[in-house]
>>> print(open('input_21.cif').read())   # mmCIF, C-alpha atoms and all ligand atoms
data_work
#
loop_
_atom_site.label_atom_id
_atom_site.label_comp_id
_atom_site.auth_asym_id
_atom_site.auth_seq_id
_atom_site.Cartn_x
_atom_site.Cartn_y
_atom_site.Cartn_z
CA MET A 1 -34.30 45.92 -31.19
CA THR A 2 -37.60 45.83 -29.38
CA THR A 3 -39.14 42.64 -30.62
CA ARG A 4 -42.44 41.34 -29.35
CA TYR A 5 -40.43 38.72 -27.48
CA ARG A 6 -38.48 41.34 -25.61
CA VAL A 7 -41.60 43.26 -24.68
CA GLU A 8 -43.12 40.06 -23.35
CA TYR A 9 -39.92 39.23 -21.52
CA ALA A 10 -39.65 42.61 -19.85
CA LEU A 11 -43.27 42.62 -18.85
CA LYS A 12 -43.69 39.11 -17.67
CA THR A 13 -40.49 37.29 -16.91
CA HIS A 14 -40.71 37.78 -13.16
CA ARG A 15 -44.32 36.64 -13.12
CA ARG A 16 -43.89 33.38 -15.02
CA ASP A 17 -42.37 30.03 -14.27
CA GLN A 18 -40.85 28.91 -17.55
CA LEU A 19 -40.95 25.17 -16.91
CA ILE A 20 -44.62 25.23 -15.92
CA GLU A 21 -45.56 27.47 -18.86
CA TRP A 22 -43.71 25.21 -21.25
CA ILE A 23 -45.41 22.04 -19.99
CA LYS A 24 -48.75 23.85 -20.10
CA GLY A 25 -48.06 24.72 -23.74
CA LEU A 26 -47.30 21.08 -24.59
CA LEU A 27 -50.51 19.87 -22.97
CA ALA A 28 -52.52 22.51 -24.80
CA VAL A 29 -52.03 20.67 -28.12
CA PRO A 30 -53.91 17.44 -27.25
CA PHE A 31 -56.48 19.57 -25.46
CA VAL A 32 -57.14 21.58 -28.62
CA LEU A 33 -57.15 18.50 -30.84
CA HIS A 34 -59.14 16.08 -28.70
CA SER A 35 -61.34 17.87 -26.21
CA GLN A 36 -64.94 18.05 -27.37
CA PRO A 37 -66.60 21.25 -26.25
CA THR A 38 -69.50 20.66 -28.63
CA GLY A 39 -70.20 17.45 -26.69
CA VAL A 40 -72.18 19.41 -24.11
CA PHE A 41 -75.13 19.58 -26.46
CA GLU A 42 -74.77 16.69 -28.86
CA THR A 43 -72.98 13.57 -27.64
CA PRO A 44 -73.96 10.70 -25.37
CA ARG A 45 -72.03 9.83 -22.23
CA GLU A 46 -69.75 7.17 -23.83
CA THR A 47 -68.20 9.85 -26.00
CA VAL A 48 -67.13 11.79 -22.92
CA GLU A 49 -65.45 8.65 -21.60
CA HIS A 50 -63.86 8.06 -24.99
CA MET A 51 -62.58 11.61 -25.14
CA ALA A 52 -61.17 11.41 -21.61
CA THR A 53 -59.37 8.15 -22.41
CA THR A 54 -57.79 9.58 -25.56
CA VAL A 55 -56.81 12.85 -23.92
CA ARG A 56 -55.43 11.07 -20.83
CA ARG A 57 -53.26 8.87 -23.02
CA ARG A 58 -51.90 11.86 -24.92
CA TYR A 59 -51.31 13.94 -21.77
CA GLY A 60 -49.62 10.91 -20.22
CA GLU A 61 -47.30 10.46 -23.20
CA ILE A 62 -46.26 14.08 -22.95
CA MET A 63 -45.53 13.76 -19.24
CA ARG A 64 -43.42 10.68 -19.92
CA ASP A 65 -41.47 12.57 -22.57
CA VAL A 66 -40.85 15.48 -20.22
CA GLU A 67 -39.77 13.02 -17.54
CA GLU A 68 -37.21 11.62 -20.00
CA LEU A 69 -35.94 15.10 -20.89
CA ILE A 70 -35.42 15.77 -17.19
CA ASN A 71 -33.53 12.47 -16.81
CA ASP A 72 -31.34 13.50 -19.72
CA HIS A 73 -30.75 16.90 -18.08
CA ILE A 74 -29.76 15.14 -14.84
CA LYS A 75 -27.27 13.02 -16.79
CA HIS A 76 -25.75 16.18 -18.24
CA GLN A 77 -25.66 17.68 -14.75
CA GLY A 78 -23.68 14.66 -13.54
CA ALA A 79 -21.13 15.26 -16.30
CA GLY A 80 -20.95 18.99 -15.49
CA LYS A 81 -22.54 19.82 -18.85
CA GLN A 82 -26.07 20.79 -17.93
CA ASP A 83 -25.91 23.84 -20.21
CA ARG A 84 -25.85 21.42 -23.15
CA SER A 85 -28.96 19.44 -22.34
CA LYS A 86 -31.93 19.57 -24.68
CA LEU A 87 -34.15 20.73 -21.81
CA LYS A 88 -31.85 23.70 -21.27
CA LEU A 89 -32.38 24.72 -24.89
CA LEU A 90 -36.13 24.40 -24.54
CA VAL A 91 -36.41 26.03 -21.11
CA PRO A 92 -33.37 28.29 -20.71
CA SER A 93 -34.12 29.22 -17.10
CA ILE A 94 -34.05 25.61 -15.95
CA GLY A 95 -31.72 24.94 -13.01
CA SER A 96 -30.52 21.73 -11.37
CA PHE A 97 -32.64 18.77 -10.32
CA PHE A 98 -31.87 16.93 -7.10
CA THR A 99 -33.96 13.90 -8.12
CA PRO A 100 -35.79 12.66 -11.22
CA LEU A 101 -39.48 13.65 -11.36
CA LEU A 102 -42.02 10.87 -11.77
CA LEU A 103 -44.28 12.99 -13.93
CA TYR A 104 -46.26 10.22 -15.60
CA ASP A 105 -47.37 8.59 -12.36
CA ALA A 106 -47.95 11.99 -10.82
CA PHE A 107 -50.15 13.00 -13.74
CA LEU A 108 -52.31 9.87 -13.32
CA TYR A 109 -52.62 10.61 -9.60
CA GLN A 110 -53.63 14.25 -10.06
CA ASP A 111 -55.87 13.40 -13.01
CA GLN A 112 -57.90 11.15 -10.74
CA LYS A 113 -58.27 13.95 -8.23
CA ARG A 114 -58.79 16.89 -10.60
CA MET A 115 -60.38 15.12 -13.60
CA ILE A 116 -58.14 17.07 -15.95
CA SER A 117 -58.84 14.70 -18.89
CA TYR A 118 -62.60 15.15 -18.59
CA ARG A 119 -62.44 18.90 -19.07
CA ARG A 120 -63.74 20.19 -22.37
CA PHE A 121 -63.46 23.94 -21.96
CA VAL A 122 -60.57 24.49 -19.56
CA PRO A 123 -57.16 23.24 -20.69
CA PRO A 124 -54.51 21.96 -18.26
CA SER A 125 -53.72 25.03 -16.19
CA PHE A 126 -50.80 26.49 -14.31
CA ASN A 127 -52.20 25.03 -11.08
CA ASP A 128 -52.72 21.59 -12.62
CA VAL A 129 -49.09 21.49 -13.72
CA ARG A 130 -47.82 22.95 -10.43
CA LEU A 131 -49.63 20.23 -8.48
CA ILE A 132 -48.45 17.48 -10.84
CA LEU A 133 -44.87 18.66 -10.31
CA ASN A 134 -45.37 18.60 -6.52
CA THR A 135 -46.74 15.06 -6.62
CA ALA A 136 -43.93 13.97 -8.96
CA GLN A 137 -41.42 15.33 -6.47
CA VAL A 138 -43.06 13.63 -3.50
CA LEU A 139 -43.29 10.34 -5.41
CA SER A 140 -39.66 10.49 -6.34
CA LEU A 141 -38.58 11.31 -2.76
CA THR A 142 -40.66 8.52 -1.24
CA ARG A 143 -39.58 5.89 -3.76
CA SER A 144 -35.95 6.54 -3.04
CA GLY A 145 -36.48 6.22 0.72
CA HIS A 146 -37.49 8.40 3.64
CA THR A 147 -37.40 12.20 3.31
CA GLU A 148 -35.04 13.17 6.11
CA LEU A 149 -35.68 16.90 6.35
CA ILE A 150 -38.73 18.96 5.41
CA THR A 151 -38.41 22.73 5.62
CA PHE A 152 -41.43 25.00 5.57
CA ASP A 153 -41.91 28.63 4.81
CA GLY A 154 -44.15 30.40 7.37
CA ASP A 155 -46.63 32.96 5.98
CA VAL A 156 -49.07 31.48 3.42
CA THR A 157 -47.45 28.02 3.78
CA LEU A 158 -48.15 27.10 7.40
CA TYR A 159 -50.65 29.87 8.24
CA ASP A 160 -52.42 32.70 6.44
CA ASP A 161 -50.41 35.78 5.51
CA GLY A 162 -49.44 37.83 8.56
CA GLN A 163 -51.20 35.42 10.96
CA SER A 164 -49.80 32.96 13.50
CA LEU A 165 -49.74 29.17 13.74
CA LEU A 166 -52.63 28.47 16.12
CA ALA A 167 -53.48 25.26 17.97
CA ASP A 168 -56.51 24.52 15.75
CA ASN A 169 -54.48 24.67 12.51
CA ASP A 170 -54.79 21.31 10.69
CA VAL A 171 -51.09 21.34 9.93
CA VAL A 172 -50.17 20.83 13.60
CA ALA A 173 -51.19 17.15 13.65
CA ARG A 174 -49.32 16.55 10.38
CA LEU A 175 -46.13 18.12 11.71
CA LEU A 176 -46.37 16.06 14.92
CA PHE A 177 -46.77 12.96 12.79
CA LEU A 178 -43.63 13.81 10.83
CA LEU A 179 -41.70 14.31 14.07
CA SER A 180 -43.00 10.98 15.39
CA LYS A 181 -41.45 9.31 12.32
CA GLY A 182 -38.10 10.92 13.09
CA THR A 183 -38.33 13.44 10.24
CA LYS A 184 -36.43 16.65 10.87
CA ILE A 185 -38.39 19.88 10.44
CA GLY A 186 -37.06 23.37 9.77
CA ILE A 187 -39.32 26.42 9.63
CA VAL A 188 -37.41 28.67 7.27
CA THR A 189 -39.15 32.00 7.43
CA ALA A 190 -38.25 35.55 6.49
CA ALA A 191 -39.63 36.78 9.79
CA GLY A 192 -36.53 38.03 11.59
CA TYR A 193 -36.72 38.65 15.34
CA THR A 194 -34.06 38.90 17.98
CA GLU A 195 -36.18 37.51 20.83
CA PRO A 196 -37.48 33.90 21.09
CA ARG A 197 -40.76 35.29 22.44
CA ARG A 198 -41.60 36.82 19.06
CA TYR A 199 -41.20 33.42 17.37
CA TYR A 200 -43.25 31.81 20.11
CA GLU A 201 -46.03 34.32 19.42
CA ARG A 202 -46.04 33.35 15.72
CA LEU A 203 -45.70 29.57 16.23
CA HIS A 204 -47.20 28.83 19.65
CA GLY A 205 -49.89 26.43 18.36
CA LEU A 206 -47.21 24.07 17.11
CA LEU A 207 -44.69 24.64 19.90
CA ASP A 208 -47.25 24.02 22.66
CA ALA A 209 -48.54 20.91 20.89
CA ILE A 210 -45.01 19.51 20.71
CA HIS A 211 -44.48 20.37 24.38
CA LEU A 212 -47.71 18.60 25.42
CA SER A 213 -47.13 15.56 23.21
CA ASN A 214 -45.56 12.37 24.48
CA LEU A 215 -42.90 12.39 21.78
CA PRO A 216 -39.43 11.46 23.03
CA LEU A 217 -37.30 14.56 23.60
CA VAL A 218 -34.89 13.62 20.80
CA PHE A 219 -37.80 13.75 18.35
CA LYS A 220 -39.07 17.05 19.75
CA GLN A 221 -35.59 18.45 19.21
CA ASN A 222 -35.86 17.67 15.53
CA LEU A 223 -37.71 20.98 15.12
CA ILE A 224 -35.71 24.11 14.42
CA VAL A 225 -36.60 27.58 13.21
CA LEU A 226 -34.45 29.49 10.75
CA GLY A 227 -35.55 33.12 10.98
CA GLY A 228 -34.70 36.13 8.80
CA GLU A 229 -34.18 33.75 5.82
CA SER A 230 -30.79 32.54 7.08
CA ASN A 231 -29.97 34.83 9.99
CA TYR A 232 -31.24 33.29 13.24
CA LEU A 233 -31.30 29.64 14.21
CA LEU A 234 -33.47 28.61 17.15
CA LYS A 235 -33.79 25.09 18.45
CA TYR A 236 -36.64 23.52 20.38
CA ASP A 237 -36.25 23.90 24.15
CA ASP A 238 -38.80 21.92 26.13
CA GLY A 239 -37.89 23.55 29.44
CA HIS A 240 -38.32 27.17 28.35
CA LEU A 241 -41.61 29.09 28.35
CA ASP A 242 -40.94 30.25 24.79
CA ARG A 243 -40.07 26.63 23.82
CA LEU A 244 -37.21 27.93 21.68
CA MET A 245 -33.67 29.09 22.26
CA PHE A 246 -31.19 30.82 19.99
CA VAL A 247 -28.18 28.83 18.88
CA PRO A 248 -25.13 31.14 18.76
CA ARG A 249 -24.51 32.08 15.16
CA HIS A 250 -20.80 31.23 15.04
CA THR A 251 -21.66 27.60 15.89
CA TRP A 252 -24.01 26.92 13.00
CA ILE A 253 -23.23 29.20 10.05
CA LEU A 254 -21.64 27.74 6.94
CA PRO A 255 -18.04 28.66 6.08
CA GLU A 256 -19.13 30.94 3.23
CA MET A 257 -21.39 32.90 5.57
CA ARG A 258 -18.39 33.89 7.68
CA ASP A 259 -17.32 36.16 4.82
CA TRP A 260 -20.38 38.39 5.24
CA SER A 261 -18.73 41.15 7.27
CA LEU A 262 -20.72 43.40 9.59
CA GLU A 263 -19.46 46.37 7.64
CA ASP A 264 -20.76 44.96 4.34
CA ILE A 265 -24.08 44.04 5.93
CA LYS A 266 -24.52 47.59 7.19
CA SER A 267 -23.59 49.11 3.86
CA LEU A 268 -25.97 46.79 1.93
CA LEU A 269 -28.84 47.66 4.25
CA ASP A 270 -28.01 51.40 3.94
CA ILE A 271 -28.27 51.18 0.14
CA ALA A 272 -31.47 49.18 0.39
CA GLN A 273 -32.97 51.69 2.82
CA ILE A 274 -32.26 54.61 0.49
CA ALA A 275 -33.75 52.69 -2.44
CA LEU A 276 -36.86 51.81 -0.43
CA GLN A 277 -37.22 55.42 0.68
CA ASP A 278 -37.03 56.53 -2.96
CA CYS A 279 -39.86 54.16 -3.88
CA VAL A 280 -41.95 55.41 -0.96
CA THR A 281 -41.43 58.99 -2.12
CA ASN A 282 -41.91 58.35 -5.86
CA MET A 283 -45.06 56.29 -5.48
CA LYS A 284 -46.35 58.30 -2.55
CA LEU A 285 -46.71 55.17 -0.46
CA ASP A 286 -48.23 55.57 2.97
CA ALA A 287 -45.50 53.40 4.47
CA GLU A 288 -43.12 53.18 7.35
CA ILE A 289 -39.52 52.05 6.97
CA ILE A 290 -38.40 49.37 9.44
CA ARG A 291 -34.68 48.92 9.92
CA LYS A 292 -33.52 45.83 11.77
CA GLU A 293 -30.17 44.27 12.59
CA ARG A 294 -30.20 42.16 9.40
CA ALA A 295 -33.11 43.45 7.35
CA VAL A 296 -34.81 46.60 6.17
CA GLY A 297 -38.36 46.86 4.89
CA ILE A 298 -41.43 48.94 4.34
CA ILE A 299 -44.72 48.19 6.05
CA PRO A 300 -48.02 49.95 5.36
CA ALA A 301 -49.50 52.58 7.68
CA HIS A 302 -52.40 51.19 9.72
CA GLY A 303 -55.26 50.03 7.49
CA VAL A 304 -53.42 50.70 4.22
CA LYS A 305 -53.31 48.04 1.47
CA PHE A 306 -50.64 48.50 -1.17
CA ALA A 307 -51.41 47.63 -4.80
CA ARG A 308 -49.63 44.56 -6.16
CA GLU A 309 -47.99 46.78 -8.79
CA GLN A 310 -46.56 49.11 -6.13
CA LEU A 311 -45.11 46.18 -4.20
CA GLU A 312 -43.59 44.62 -7.32
CA GLU A 313 -42.18 47.92 -8.56
CA THR A 314 -40.52 48.46 -5.18
CA VAL A 315 -39.02 44.96 -5.11
CA LEU A 316 -37.71 45.13 -8.67
CA ALA A 317 -36.26 48.64 -8.24
CA VAL A 318 -34.51 47.83 -4.97
CA HIS A 319 -33.31 44.47 -6.27
CA LYS A 320 -31.76 46.11 -9.34
CA ILE A 321 -29.97 48.77 -7.30
CA LEU A 322 -28.53 46.21 -4.90
CA GLU A 323 -27.59 43.83 -7.69
CA VAL A 324 -25.34 46.37 -9.38
CA SER A 325 -23.80 47.64 -6.14
CA SER A 326 -20.37 46.26 -5.24
CA VAL A 327 -21.49 45.06 -1.82
CA GLY A 328 -24.43 43.30 -3.50
CA GLN A 329 -21.86 41.10 -5.26
CA ARG A 330 -20.26 40.10 -1.96
CA VAL A 331 -23.23 39.54 0.33
CA PRO A 332 -26.28 37.52 -0.76
CA PHE A 333 -29.56 39.32 -0.13
CA CYS A 334 -33.22 38.72 -0.72
CA ALA A 335 -35.63 41.50 -1.73
CA PHE A 336 -39.18 40.21 -1.77
CA ASN A 337 -42.84 41.09 -1.80
CA GLY A 338 -44.42 39.84 1.42
CA GLY A 339 -48.03 40.40 0.33
CA ASN A 340 -48.45 43.84 1.89
CA ASP A 341 -44.86 44.71 2.71
CA VAL A 342 -41.45 44.61 1.07
CA PHE A 343 -38.33 43.41 2.86
CA VAL A 344 -34.67 43.14 2.04
CA ASP A 345 -33.00 40.48 4.15
CA ILE A 346 -29.36 39.56 4.43
CA GLY A 347 -28.87 36.07 3.00
CA ASN A 348 -31.68 34.01 1.51
CA LYS A 349 -33.47 30.69 1.86
CA GLU A 350 -30.78 28.78 0.01
CA TRP A 351 -28.51 29.53 2.94
CA GLY A 352 -31.40 29.00 5.34
CA VAL A 353 -32.11 25.49 4.08
CA ARG A 354 -28.42 24.65 3.83
CA SER A 355 -27.93 25.75 7.42
CA CYS A 356 -30.73 23.38 8.50
CA GLN A 357 -29.13 20.55 6.51
CA GLN A 358 -25.79 21.19 8.18
CA PHE A 359 -27.33 21.57 11.64
CA PHE A 360 -28.81 18.10 11.34
CA GLY A 361 -25.48 16.57 10.38
CA GLY A 362 -25.28 17.20 6.63
CA ILE A 363 -28.51 16.09 5.00
CA ASP A 364 -28.38 15.92 1.22
CA GLY A 365 -30.52 18.08 -1.08
CA SER A 366 -32.07 14.92 -2.53
CA LYS A 367 -33.35 13.98 0.96
CA THR A 368 -34.69 17.45 1.73
CA LEU A 369 -37.98 19.01 0.66
CA HIS A 370 -38.72 22.73 1.01
CA VAL A 371 -42.40 23.68 0.96
CA GLY A 372 -43.23 27.30 0.16
CA ASP A 373 -45.52 29.68 -1.68
CA GLN A 374 -43.05 32.08 -3.29
CA PHE A 375 -41.31 30.54 -6.29
CA LEU A 376 -41.37 33.22 -8.95
CA SER A 377 -37.90 34.30 -9.97
CA ALA A 378 -37.96 37.89 -8.70
CA GLY A 379 -39.65 39.25 -5.62
CA ALA A 380 -40.17 35.81 -4.14
CA ASN A 381 -38.15 34.41 -1.26
CA ASP A 382 -38.68 30.62 -1.49
CA PHE A 383 -37.21 30.58 -5.00
CA LYS A 384 -33.63 30.46 -3.72
CA ALA A 385 -34.34 27.28 -1.74
CA ARG A 386 -34.28 25.49 -5.11
CA MET A 387 -30.50 25.79 -5.03
CA ALA A 388 -30.35 23.71 -1.84
CA CYS A 389 -32.95 20.97 -2.19
CA THR A 390 -36.11 19.65 -3.83
CA THR A 391 -39.18 21.87 -3.50
CA ALA A 392 -42.97 21.86 -3.51
CA TRP A 393 -44.87 25.00 -4.50
CA ILE A 394 -48.11 25.42 -2.61
CA ALA A 395 -50.68 28.23 -2.92
CA ASN A 396 -52.18 28.29 0.58
CA PRO A 397 -51.96 26.49 3.95
CA ARG A 398 -54.69 24.01 2.95
CA GLU A 399 -52.52 22.80 0.10
CA THR A 400 -49.66 22.25 2.56
CA VAL A 401 -51.92 19.97 4.59
CA GLN A 402 -52.94 18.11 1.41
CA LEU A 403 -49.31 17.76 0.40
CA LEU A 404 -48.35 16.29 3.79
CA ASP A 405 -51.26 13.86 3.55
CA GLU A 406 -49.97 12.88 0.12
CA VAL A 407 -46.46 12.35 1.52
CA ARG A 408 -47.93 10.09 4.22
CA LEU A 409 -50.12 8.14 1.80
CA LEU A 410 -47.37 7.60 -0.74
CA GLU A 411 -44.84 6.62 1.94
CA GLU A 412 -47.30 4.09 3.34
CA LEU A 413 -48.02 2.67 -0.12
CA ASN A 414 -44.31 2.43 -0.75
CA GLU A 415 -43.69 0.64 2.55
CA GLN A 416 -46.46 -1.87 1.71
CA LYS A 417 -44.84 -2.51 -1.65
CA ILE A 418 -41.45 -3.13 -0.07
CA LYS A 419 -43.01 -5.61 2.42
P1 LIG B 501 -42.37 34.03 5.31
O1 LIG B 501 -43.48 33.87 4.32
O2 LIG B 501 -42.50 33.07 6.46
O3 LIG B 501 -41.01 33.97 4.67
O4 LIG B 501 -42.54 35.45 6.04
C1 LIG B 501 -42.59 36.66 5.35
C2 LIG B 501 -43.16 37.77 6.19
O5 LIG B 501 -42.48 37.94 7.44
C3 LIG B 501 -43.01 39.11 5.54
O6 LIG B 501 -44.02 39.35 4.62
C4 LIG B 501 -43.08 40.09 6.70
O7 LIG B 501 -44.43 40.48 6.93
C5 LIG B 501 -42.64 39.28 7.91
N1 LIG B 501 -41.36 39.76 8.48
C6 LIG B 501 -41.17 40.10 9.75
N2 LIG B 501 -39.90 40.43 9.97
C7 LIG B 501 -39.26 40.33 8.81
C8 LIG B 501 -37.90 40.53 8.42
O8 LIG B 501 -37.01 40.89 9.20
N3 LIG B 501 -37.61 40.28 7.13
C9 LIG B 501 -38.55 39.86 6.26
N4 LIG B 501 -39.82 39.65 6.57
C10 LIG B 501 -40.19 39.88 7.85
MG MG B 502 -44.51 32.74 2.48
#
>>> encode(input="input_21.cif", output="structure tokens")
Amino acid sequence: MTTRYRVEYALKTHRRDQLIEWIKGLLAVPFVLHSQPTGVFETPRETVEHMATTVRRRYGEIMRDVEELINDHIKHQGAGKQDRSKLKLLVPSIGSFFTPLLLYDAFLYQDQKRMISYRRFVPPSFNDVRLILNTAQVLSLTRSGHTELITFDGDVTLYDDGQSLLADNDVVARLLFLLSKGTKIGIVTAAGYTEPRRYYERLHGLLDAIHLSNLPLVFKQNLIVLGGESNYLLKYDDGHLDRLMFVPRHTWILPEMRDWSLEDIKSLLDIAQIALQDCVTNMKLDAEIIRKERAVGIIPAHGVKFAREQLEETVLAVHKILEVSSVGQRVPFCAFNGGNDVFVDIGNKEWGVRSCQQFFGGIDGSKTLHVGDQFLSAGANDFKARMACTTAWIANPRETVQLLDEVRLLEELNEQKIK
């Protein structure tokens, strides 16, 4: 039966975040009932204030209710019955929460910055809700103590797509500050290279700044890079020109990762390569196939820009083929749209973040925050990190800087409160 729902589902499911859409829908009701678009031509100023106060109260009540539903879901999680929570019925795609989310306080904080309650024509948007969720997560992490590990995606999160982390990037000072507080940092990127030099080329602004800083060596060594999603671990090496050295894989991989045999890896990449080639042929893409030790991808010919639809079609087609293959059941993989390329990597960022947690002695998911830009369910590689820890979804490197400033501010406020 092709109901409207199914059509919508097939067309949009991979481009929607169900929790955000649901919260947006709830906030739309007070917006429709209380915002006063006609006010632009007929009411005095006090009415705008009155409207904002009413709408803020109603938005706030909704955020409190959602916060409670999440607490209830967490209780069910604890009892191993998360499939029976009310939130699960309302938002079927919902997963696990590592901490409660302080949505009410986060709403008040973002409302002050974004003046959401004063808007008369534009209802609370996807970005409003995304940023409220980020703040709620940061608030919750800081109130329960120090965040021990922060992992960052690379492209779009730390630097613009396809670029490198340069010395003048505002994020450098923030990352140095985190290290100076003893926070562990993992850069969990899809970029998979077999030489440290290639990582140095992408990250030299940060690596050189760490080298030149007067941080104690133990703090400098709290930076690691997890490349190829979960394939290569490099640790900071002050004495080396590339400032990084590979840690032998057998010493850091998790027990489950030992089951990914070389034979299976090769066969998964062979299937992926054929599927990618098919897409290149069918859609007449001017692309080159890149096969690596633990990844295969397509990159555009010089100067070519693929359409979003072509990239998404390729990801979804390849993902489907791998998902139904027998090797795809044995070895985790990640097929994703990298903005102007498509890659299939062995493993994914769940394993990447977990490897960082283990490397630093077993840090819990509730003490770890992963910051990334790709959180849609298909074709996005940060999504899987949600299985390993708390997350923040940013849209560009400037937002990462803002988020880190927020972490600092809220931690300082919290410390003052404790004193
Ligand atoms: P991320 O945003 O830091 O995860 O990096 C994603 C980008 O890394 C992709 O869009 C590719 O352009 C690039 N890249 C380079 N090598 C690889 C690889 O082996 N697998 C996946 N992506 C790669
Ligand atoms: Mg990215």
>>> residues_around(input="input_21.cif", residues="Gly205 in chain A", least_positions_apart="6", cutoff="10 Å", atoms="only C-alpha atoms", output="NGL selection string")
:A and (164-169 or 171-172)
>>> write_last_selection(input="input_21.cif", atoms="C-alpha atoms", output="PDB file, in the coordinates of the input")
ATOM      1  CA  SER A 164     -49.800  32.960  13.500  1.00  0.00           C
ATOM      2  CA  LEU A 165     -49.740  29.170  13.740  1.00  0.00           C
ATOM      3  CA  LEU A 166     -52.630  28.470  16.120  1.00  0.00           C
ATOM      4  CA  ALA A 167     -53.480  25.260  17.970  1.00  0.00           C
ATOM      5  CA  ASP A 168     -56.510  24.520  15.750  1.00  0.00           C
ATOM      6  CA  ASN A 169     -54.480  24.670  12.510  1.00  0.00           C
ATOM      7  CA  VAL A 171     -51.090  21.340   9.930  1.00  0.00           C
ATOM      8  CA  VAL A 172     -50.170  20.830  13.600  1.00  0.00           C
TER       9      VAL A 172
END
>>> residues_around(input="input_21.cif", residues="Pro124 in chain A", least_positions_apart="4", cutoff="7 Å", atoms="only C-alpha atoms", output="short mmCIF file (atom, residue, chain, number, x, y, z; two decimals) with C-alpha atoms, in the coordinates of the input")
data_model
loop_
_atom_site.label_atom_id
_atom_site.label_comp_id
_atom_site.auth_asym_id
_atom_site.auth_seq_id
_atom_site.Cartn_x
_atom_site.Cartn_y
_atom_site.Cartn_z
CA LYS A 24 -48.75 23.85 -20.10
CA LEU A 27 -50.51 19.87 -22.97
CA ALA A 28 -52.52 22.51 -24.80
CA ILE A 116 -58.14 17.07 -15.95
CA ASP A 128 -52.72 21.59 -12.62
#
>>> closest_residue(input="input_21.cif", among="A:Pro332, A:Lys220, A:Gln137, A:Asp83", to="Ser261 in chain A", atoms="only C-alpha atoms")
A:Pro332
>>> atom_distance(input="input_21.cif", atom1="CA of Val331 in chain A", atom2="CA of Val318 in chain A")
15.0 Å
>>> closest_residue(input="input_21.cif", among="A:Ile394, A:Val401, A:Ile418, A:Leu19", to="ligand MG 502 (chain B)", atoms="all atoms listed in the file")
A:Ile394
>>> closest_residue(input="input_21.cif", among="A:Phe126, A:Gln358, A:Ile70, A:Thr99", to="Leu141 in chain A", atoms="all atoms listed in the file")
A:Thr99
>>> closest_residue(input="input_21.cif", among="A:Leu285, A:Ile132, A:Val315, A:Leu90", to="Ala378 in chain A", atoms="all atoms listed in the file")
A:Val315
>>> atom_distance(input="input_21.cif", atom1="CA of Leu276 in chain A", atom2="CA of Ile289 in chain A")
7.9 Å
>>> closest_residue(input="input_21.cif", among="A:Tyr59, A:Phe121, A:Phe383, A:Tyr104", to="Thr135 in chain A", atoms="all atoms listed in the file")
A:Tyr104
>>> closest_residue(input="input_21.cif", among="A:Phe375, A:Ala317, A:Asn414, A:Gly239", to="ligand MG 502 (chain B)", atoms="all atoms listed in the file")
A:Phe375
>>> atom_distance(input="input_21.cif", atom1="CA of Lys113 in chain A", atom2="CA of Leu179 in chain A")
27.8 Å
>>> residues_near_point(input="input_21.cif", point="(-30.7, 16.8, 10.2)", cutoff="8 Å", atoms="all atoms listed in the file", output="PyMOL selection string")
chain A and resi 148-149+184+222+356-363
>>> residues_near_point(input="input_21.cif", point="(-45.5, 13.1, -1.7)", cutoff="12 Å", atoms="only C-alpha atoms", output="PyMOL selection string")
chain A and resi 101-102+105-106+109-110+131-147+150+369+371+390-392+400-414
>>> decode(input="input_21.cif", residues="range 200-208 of chain A", atoms="N, CA and C atoms", output="PDB file, in the first residue's frame")
ATOM      1  N   TYR A 200      49.773  15.483   9.033  1.00  0.00           N
ATOM      2  CA  TYR A 200      50.410  16.756   9.401  1.00  0.00           C
ATOM      3  C   TYR A 200      49.970  17.849   8.426  1.00  0.00           C
ATOM      4  N   GLU A 201      49.933  17.503   7.141  1.00  0.00           N
ATOM      5  CA  GLU A 201      49.524  18.509   6.139  1.00  0.00           C
ATOM      6  C   GLU A 201      48.110  19.028   6.405  1.00  0.00           C
ATOM      7  N   ARG A 202      47.223  18.157   6.855  1.00  0.00           N
ATOM      8  CA  ARG A 202      45.831  18.569   7.123  1.00  0.00           C
ATOM      9  C   ARG A 202      45.693  19.316   8.450  1.00  0.00           C
ATOM     10  N   LEU A 203      46.567  19.015   9.417  1.00  0.00           N
ATOM     11  CA  LEU A 203      46.349  19.518  10.791  1.00  0.00           C
ATOM     12  C   LEU A 203      47.484  20.380  11.320  1.00  0.00           C
ATOM     13  N   HIS A 204      48.392  20.836  10.428  1.00  0.00           N
ATOM     14  CA  HIS A 204      49.643  21.420  10.934  1.00  0.00           C
ATOM     15  C   HIS A 204      49.421  22.661  11.795  1.00  0.00           C
ATOM     16  N   GLY A 205      48.370  23.445  11.548  1.00  0.00           N
ATOM     17  CA  GLY A 205      48.139  24.652  12.353  1.00  0.00           C
ATOM     18  C   GLY A 205      47.999  24.303  13.828  1.00  0.00           C
ATOM     19  N   LEU A 206      47.280  23.235  14.092  1.00  0.00           N
ATOM     20  CA  LEU A 206      47.088  22.808  15.485  1.00  0.00           C
ATOM     21  C   LEU A 206      48.348  22.136  16.024  1.00  0.00           C
ATOM     22  N   LEU A 207      48.908  21.224  15.220  1.00  0.00           N
ATOM     23  CA  LEU A 207      50.058  20.446  15.707  1.00  0.00           C
ATOM     24  C   LEU A 207      51.247  21.351  16.019  1.00  0.00           C
ATOM     25  N   ASP A 208      51.500  22.340  15.150  1.00  0.00           N
ATOM     26  CA  ASP A 208      52.620  23.259  15.407  1.00  0.00           C
ATOM     27  C   ASP A 208      52.332  24.115  16.641  1.00  0.00           C
TER      28      ASP A 208
END
